[in-house]
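Quick look at target.csv (CSV, C-alpha atoms):
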```
chain,number,residue,atom,x,y,z
A,1,MET,CA,62.9,32.9,21.8
A,2,LYS,CA,60.7,32.0,24.7
A,3,GLN,CA,58.7,28.8,24.8
A,4,SER,CA,55.4,30.7,24.8
A,5,LYS,CA,56.5,32.6,21.7
A,6,TYR,CA,57.4,29.3,20.0
A,7,VAL,CA,54.0,27.9,20.7
A,8,GLU,CA,52.4,31.1,19.5
A,9,LEU,CA,54.3,31.2,16.2
A,10,LYS,CA,54.7,27.6,15.3
A,11,VAL,CA,51.9,25.7,17.0
A,12,LYS,CA,49.0,28.1,17.3
A,13,GLY,CA,48.3,28.1,13.6
A,14,LEU,CA,48.6,24.3,13.4
A,15,LEU,CA,46.2,23.8,16.3
A,16,LYS,CA,43.7,26.1,14.6
A,17,LEU,CA,44.1,24.2,11.4
A,18,GLN,CA,43.8,20.9,13.2
A,19,GLU,CA,40.6,21.9,14.9
A,20,ARG,CA,38.9,22.7,11.7
A,21,ASP,CA,40.6,19.9,9.8
A,22,LEU,CA,39.3,17.3,12.3
A,23,GLU,CA,35.9,18.8,12.2
A,24,LYS,CA,36.0,18.6,8.4
A,25,ARG,CA,37.1,15.0,8.4
A,26,GLN,CA,34.4,14.1,10.9
A,27,THR,CA,31.8,15.8,8.7
A,28,GLU,CA,33.1,13.9,5.6
A,29,ALA,CA,33.0,10.6,7.5
A,30,ILE,CA,29.3,11.3,8.6
A,31,LEU,CA,28.4,12.1,5.0
A,32,LYS,CA,30.1,9.0,3.7
A,33,GLN,CA,28.3,6.9,6.3
A,34,ILE,CA,24.8,8.2,5.6
A,35,PRO,CA,24.2,6.1,2.4
A,36,GLU,CA,25.4,3.0,4.3
A,37,ASP,CA,23.0,3.8,7.2
A,38,ILE,CA,20.2,4.3,4.7
A,39,ARG,CA,20.9,0.9,3.1
A,40,HIS,CA,21.0,-0.7,6.5
A,41,VAL,CA,17.6,0.8,7.4
A,42,GLU,CA,16.2,-0.2,4.0
A,43,ALA,CA,17.4,-3.8,4.7
A,44,LYS,CA,15.6,-3.8,8.0
A,45,MET,CA,12.4,-2.6,6.2
A,46,SER,CA,12.8,-5.4,3.5
A,47,ALA,CA,13.3,-8.0,6.2
A,48,LEU,CA,10.1,-6.8,8.0
A,49,LYS,CA,8.1,-6.8,4.8
A,50,GLU,CA,9.4,-10.3,4.0
A,51,GLU,CA,8.4,-11.6,7.5
A,52,ASP,CA,4.9,-10.0,6.9
A,53,LYS,CA,4.7,-11.7,3.5
A,54,LYS,CA,5.7,-15.1,5.0
A,55,ARG,CA,3.0,-14.8,7.6
A,56,LEU,CA,0.4,-14.0,4.9
A,57,GLU,CA,1.6,-17.0,2.8
A,58,ALA,CA,1.4,-19.3,5.9
A,59,LEU,CA,-2.2,-18.2,6.4
A,60,GLN,CA,-3.0,-18.7,2.7
A,61,HIS,CA,-1.4,-22.1,2.8
A,62,MET,CA,-3.7,-23.1,5.7
A,63,GLU,CA,-6.7,-21.8,3.8
A,64,VAL,CA,-5.7,-23.8,0.7
A,65,GLU,CA,-5.3,-26.9,3.0
A,66,ARG,CA,-8.8,-26.2,4.5
A,67,LYS,CA,-10.3,-26.0,1.1
A,68,ARG,CA,-8.7,-29.2,0.0
A,69,MET,CA,-9.9,-30.9,3.2
A,70,ASP,CA,-13.4,-29.6,2.7
A,71,ASN,CA,-13.4,-30.9,-0.9
A,72,GLU,CA,-12.2,-34.3,0.4
A,73,LEU,CA,-14.9,-34.3,3.0
A,74,LYS,CA,-17.6,-33.6,0.5
A,75,ALA,CA,-16.3,-36.3,-1.8
A,76,GLU,CA,-16.5,-38.9,1.1
A,77,GLU,CA,-20.0,-37.7,1.9
A,78,GLU,CA,-21.0,-38.1,-1.7
A,79,LYS,CA,-19.6,-41.6,-1.7
A,80,ILE,CA,-21.7,-42.5,1.3
A,81,VAL,CA,-24.8,-41.2,-0.5
A,82,LYS,CA,-23.8,-43.2,-3.6
A,83,PHE,CA,-23.1,-46.4,-1.7
A,84,LYS,CA,-26.5,-46.1,0.1
A,85,THR,CA,-28.2,-45.6,-3.2
A,86,GLN,CA,-26.5,-48.6,-4.6
A,87,GLN,CA,-27.6,-50.7,-1.7
A,88,MET,CA,-31.2,-50.2,-2.7
A,89,ASP,CA,-30.6,-52.0,-6.0
A,90,VAL,CA,-28.4,-54.9,-4.9
A,91,LYS,CA,-29.9,-58.4,-4.7
A,92,LYS,CA,-27.1,-60.3,-2.9
A,93,ASN,CA,-26.2,-60.1,0.8
A,94,GLU,CA,-22.5,-60.1,-0.1
A,95,GLU,CA,-22.9,-57.0,-2.3
A,96,TYR,CA,-24.9,-55.3,0.4
A,97,ASP,CA,-22.3,-56.1,3.1
A,98,ALA,CA,-19.5,-54.9,0.8
A,99,LEU,CA,-21.3,-51.6,0.3
A,100,ASN,CA,-21.8,-51.4,4.1
A,101,MET,CA,-18.0,-51.8,4.6
A,102,GLN,CA,-17.4,-49.0,2.1
A,103,ILE,CA,-19.9,-46.8,3.8
A,104,ALA,CA,-18.3,-47.5,7.2
A,105,GLY,CA,-14.8,-46.7,5.7
A,106,SER,CA,-16.1,-43.4,4.2
A,107,THR,CA,-17.9,-42.6,7.5
A,108,ARG,CA,-14.6,-43.1,9.5
A,109,ARG,CA,-12.8,-40.9,7.0
A,110,VAL,CA,-15.5,-38.2,7.3
A,111,GLY,CA,-15.2,-38.3,11.1
A,112,GLY,CA,-11.4,-38.0,10.9
A,113,LEU,CA,-11.6,-35.2,8.3
A,114,GLU,CA,-14.1,-33.3,10.4
A,115,ASP,CA,-11.8,-33.4,13.4
A,116,GLU,CA,-8.8,-32.3,11.3
A,117,GLU,CA,-10.8,-29.5,9.7
A,118,LEU,CA,-12.0,-28.3,13.1
A,119,ASN,CA,-8.4,-28.2,14.4
A,120,LEU,CA,-7.3,-26.5,11.2
A,121,LEU,CA,-10.1,-23.9,11.5
A,122,MET,CA,-9.0,-23.1,15.1
A,123,ALA,CA,-5.4,-22.8,13.9
A,124,ILE,CA,-6.4,-20.5,11.0
A,125,ASP,CA,-8.3,-18.3,13.5
A,126,GLU,CA,-5.2,-18.1,15.8
A,127,GLN,CA,-3.0,-17.4,12.8
A,128,ARG,CA,-5.3,-14.7,11.6
A,129,LYS,CA,-5.3,-13.0,15.0
A,130,LYS,CA,-1.5,-13.3,15.2
A,131,ASN,CA,-1.1,-11.8,11.8
A,132,MET,CA,-3.3,-8.8,12.6
A,133,VAL,CA,-1.2,-8.0,15.7
A,134,GLU,CA,2.2,-8.6,14.1
A,135,SER,CA,1.2,-6.8,10.9
A,136,GLU,CA,0.3,-3.8,12.8
A,137,GLN,CA,3.6,-3.9,14.7
A,138,THR,CA,5.4,-4.3,11.4
A,139,LYS,CA,3.5,-1.4,9.9
A,140,ASN,CA,4.5,0.9,12.8
A,141,ALA,CA,8.1,-0.3,12.7
A,142,ILE,CA,8.3,0.4,8.9
A,143,GLN,CA,6.8,3.9,9.5
A,144,ASP,CA,9.5,4.6,12.1
A,145,LEU,CA,12.2,3.3,9.7
A,146,GLU,CA,10.9,5.5,6.9
A,147,LYS,CA,11.1,8.5,9.2
A,148,ARG,CA,14.7,7.5,10.0
A,149,ILE,CA,15.5,7.4,6.3
A,150,GLN,CA,13.9,10.8,5.7
A,151,SER,CA,15.9,12.2,8.7
A,152,LEU,CA,19.2,10.8,7.3
A,153,LYS,CA,18.4,12.3,3.9
A,154,GLY,CA,17.5,15.6,5.5
A,155,GLN,CA,20.9,15.7,7.2
A,156,VAL,CA,22.8,15.6,3.9
A,157,LYS,CA,22.2,19.1,2.7
A,158,GLY,CA,23.1,20.7,6.1
A,159,LEU,CA,26.3,18.6,6.3
A,160,GLU,CA,27.3,19.4,2.7
A,161,GLU,CA,26.9,23.1,3.5
A,162,LYS,CA,28.9,22.7,6.7
A,163,LEU,CA,31.6,20.8,4.8
A,164,LEU,CA,31.9,23.5,2.1
A,165,GLU,CA,32.3,26.1,4.8
A,166,LEU,CA,34.9,24.1,6.7
A,167,ARG,CA,36.9,23.5,3.6
A,168,GLU,CA,37.0,27.2,2.9
A,169,VAL,CA,38.1,27.9,6.5
A,170,CYS,CA,40.8,25.3,6.3
A,171,GLU,CA,42.2,26.8,3.1
A,172,LYS,CA,42.3,30.2,4.7
A,173,VAL,CA,44.1,28.9,7.8
A,174,ARG,CA,46.6,27.0,5.7
A,175,LEU,CA,47.7,30.2,4.0
A,176,GLU,CA,48.8,31.5,7.5
A,177,ILE,CA,51.1,28.6,8.2
A,178,PRO,CA,54.7,28.3,7.0
A,179,ALA,CA,55.1,25.9,4.1
A,180,ALA,CA,57.5,23.6,5.8
A,181,LEU,CA,55.3,23.2,8.8
A,182,LEU,CA,52.2,22.8,6.7
A,183,SER,CA,54.0,20.1,4.6
A,184,LYS,CA,55.0,18.2,7.8
A,185,TYR,CA,51.4,18.4,9.1
A,186,ASP,CA,50.0,17.0,5.8
A,187,GLN,CA,52.6,14.3,5.9
A,188,VAL,CA,51.6,13.2,9.4
A,189,ALA,CA,47.9,13.4,8.5
A,190,ARG,CA,48.4,11.2,5.5
A,191,GLN,CA,50.4,8.7,7.5
A,192,LEU,CA,48.1,8.5,10.5
A,193,LYS,CA,44.7,8.9,8.7
A,194,LYS,CA,43.1,9.7,12.1
A,195,GLY,CA,43.8,12.7,14.3
A,196,PRO,CA,44.9,14.4,16.3
A,197,PHE,CA,48.1,15.1,14.5
A,198,VAL,CA,49.5,17.8,16.7
A,199,VAL,CA,49.6,16.9,20.4
A,200,VAL,CA,51.1,18.0,23.7
A,201,LEU,CA,54.3,16.5,25.1
A,202,GLU,CA,53.8,15.8,28.8
A,203,GLY,CA,57.1,15.1,30.5
A,204,HIS,CA,58.5,12.3,28.3
A,205,ARG,CA,55.1,11.1,27.1
A,206,CYS,CA,53.4,11.8,23.8
A,207,THR,CA,49.7,12.4,24.5
A,208,GLY,CA,48.8,11.1,21.0
A,209,CYS,CA,50.1,7.5,21.3
A,210,HIS,CA,50.7,7.6,25.1
A,211,LEU,CA,54.2,6.2,24.7
A,212,THR,CA,57.5,7.6,26.0
A,213,VAL,CA,59.6,9.5,23.6
A,214,SER,CA,63.4,9.7,23.4
A,215,ASN,CA,65.5,12.3,25.3
A,216,GLU,CA,66.4,13.8,21.9
A,217,VAL,CA,62.8,14.5,21.1
A,218,VAL,CA,62.2,16.0,24.5
A,219,SER,CA,65.2,18.2,24.0
A,220,ALA,CA,64.1,19.3,20.5
A,221,VAL,CA,60.7,20.3,21.8
A,222,LYS,CA,62.2,22.3,24.7
A,223,LYS,CA,64.9,24.0,22.5
A,224,CYS,CA,62.3,25.5,20.2
A,225,ALA,CA,64.6,24.6,17.3
A,226,GLU,CA,63.8,25.1,13.6
A,227,VAL,CA,63.4,21.4,13.2
A,228,ILE,CA,59.8,20.4,13.7
A,229,PRO,CA,59.8,17.9,16.7
A,230,GLN,CA,57.9,14.7,16.2
A,231,CYS,CA,57.1,11.7,18.4
A,232,ASP,CA,59.6,8.9,17.5
A,233,ASN,CA,56.8,6.4,18.0
A,234,CYS,CA,53.8,7.7,16.1
A,235,SER,CA,55.3,10.7,14.2
A,236,ARG,CA,52.8,13.2,15.6
A,237,ILE,CA,54.0,16.8,15.9
A,238,LEU,CA,54.8,17.7,19.5
A,239,TYR,CA,54.7,20.9,21.4
A,240,LEU,CA,54.7,22.0,25.0
A,241,ALA,CA,51.6,23.6,26.5
A,242,ASP,CA,51.8,27.1,28.0
```
Just give me the structure of the file as structure tokens.
Amino acid sequence: MKQSKYVELKVKGLLKLQERDLEKRQTEAILKQIPEDIRHVEAKMSALKEEDKKRLEALQHMEVERKRMDNELKAEEEKIVKFKTQQMDVKKNEEYDALNMQIAGSTRRVGGLEDEELNLLMAIDEQRKKNMVESEQTKNAIQDLEKRIQSLKGQVKGLEEKLLELREVCEKVRLEIPAALLSKYDQVARQLKKGPFVVVLEGHRCTGCHLTVSNEVVSAVKKCAEVIPQCDNCSRILYLAD
């Protein structure tokens, strides 16, 4: 039997199966990965929403602080009015001077609070502007992520149909391959998990693992024997190209 005939009878069917089998495995891997990709995108969306929530809470906290400061300012102003009213009724200088000191203290606190409130109002204004810009960016980013999720979900149906077709094709091709050869192919595929499982022998080198094989393996491939030649390093099925 000539080498070309050997390739035609024993390898051609395997290569045909391998081509479809690898495509099937890749399709299965993509389908398996899609839910994980969707979860990853959803996690990004949740993170963006959480950041937006924190920005809003930061602004709300500043508004609460401004309100507290405003109430404190009003309370000090009311104290000043009260102290001045009390001064109108006191008879002793000591009492009048004591009220003056209280008025002076409240006046200082009013001045300090007014400065703090002014700074806080400026900070609130800056935070509000920042929130508007970043919230718009977040909104656009979330819309893009939602489109990504819809795109991923949309791929599922097409991939499932393709996978069903590939499985049917693989089954048909398997029927054309001798049982012993098919069994060996399945054994190698289970062992390696990842293809290719049938590769060319170039000189003394397996093109699957790129390691040098023994002389016995090279001889087995060249002799076209009934024994299915395999790389003695990675176990891949070997053949000589035409």
Problem - Distance in Å - CA of Leu120 in chain A versus CA of Thr107 in chain A - result: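 Between these atoms lies a distance of 19.6 Å.
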Handout entry: Among the residues A:Glu168, A:Glu116, A:Glu216, A:Glu51, the one that comes closest to Leu73 in chain A [using all atoms listed in the file]
Key = A:Glu116
Using all atoms listed in the file, what table do you get, as a Markdown table, when you list each residue of range 12-50 of chain A with an atom no more than 8 Å from range 195-201 of chain A, its nearest pair of atoms, and their distance in Å rounded to one decimal, rows by chain then rising number?
```
| residue | atom | partner | partner_atom | distance |
| --- | --- | --- | --- | --- |
| A:Leu14 | CA | A:Val198 | CA | 7.3 |
| A:Leu15 | CA | A:Val198 | CA | 6.9 |
| A:Gln18 | CA | A:Pro196 | CA | 7.3 |
| A:Leu22 | CA | A:Gly195 | CA | 6.7 |
```
Using all atoms listed in the file, I'd like a table of the residues in range 41-71 of chain A that come within 12 Å of range 76-88 of chain A; for each, show the closest atom pair and its distance in Å rounded to one decimal, ordered by chain and ascending number, as JSON lines.
```
{"residue": "A:Met69", "atom": "CA", "partner": "A:Glu76", "partner_atom": "CA", "distance": 10.6}
{"residue": "A:Asp70", "atom": "CA", "partner": "A:Glu76", "partner_atom": "CA", "distance": 9.9}
{"residue": "A:Asn71", "atom": "CA", "partner": "A:Glu76", "partner_atom": "CA", "distance": 8.8}
```
Problem - Length of the CA of Val221 in chain A to CA of Ser183 in chain A vector [Å] - result: 18.5 Å
Thr212 in chain A: which residues within 9 Å, counting all atoms listed in the file, same-chain residues fewer than 6 positions away excluded, as a PDB file with C-alpha atoms, in the coordinates of the input?
```
ATOM      1  CA  GLY A 203      57.100  15.100  30.500  1.00  0.00           C
ATOM      2  CA  HIS A 204      58.500  12.300  28.300  1.00  0.00           C
ATOM      3  CA  ARG A 205      55.100  11.100  27.100  1.00  0.00           C
ATOM      4  CA  CYS A 206      53.400  11.800  23.800  1.00  0.00           C
ATOM      5  CA  CYS A 231      57.100  11.700  18.400  1.00  0.00           C
ATOM      6  CA  ASP A 232      59.600   8.900  17.500  1.00  0.00           C
ATOM      7  CA  ASN A 233      56.800   6.400  18.000  1.00  0.00           C
TER       8      ASN A 233
END
```
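Going from CA of Lys10 in chain A to CA of Lys24 in chain A covers 21.9 Å.
Taking all atoms listed in the file into account, Lys193 in chain A lies nearest to A:Gln26 out of the set A:Glu19, A:Leu118, A:Lys162, A:Gln26.
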Handout entry: Residues near range 123-130 of chain A, cut-off 8 Å, only C-alpha atoms, skip fewer than 3 positions along chain, as a PyMOL selection string
Key = chain A and resi 59+62-63+119-120+133-134
Practice task
Would you mind listing what lies within 10 Å of range 27-41 of chain A as JSON, numbers by chain, with only C-alpha atoms counted and same-chain residues fewer than 6 positions away left out?
Solution key: {"A": [21, 47, 142, 145, 146, 148, 149, 150, 151, 152, 153, 155, 156, 157, 159, 160, 162, 163, 166]}
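Among the candidates A:Thr138, A:Lys222, A:Gly154, A:Asp115, the residue lying nearest to Glu50 in chain A is A:Thr138 (atoms considered: all atoms listed in the file).
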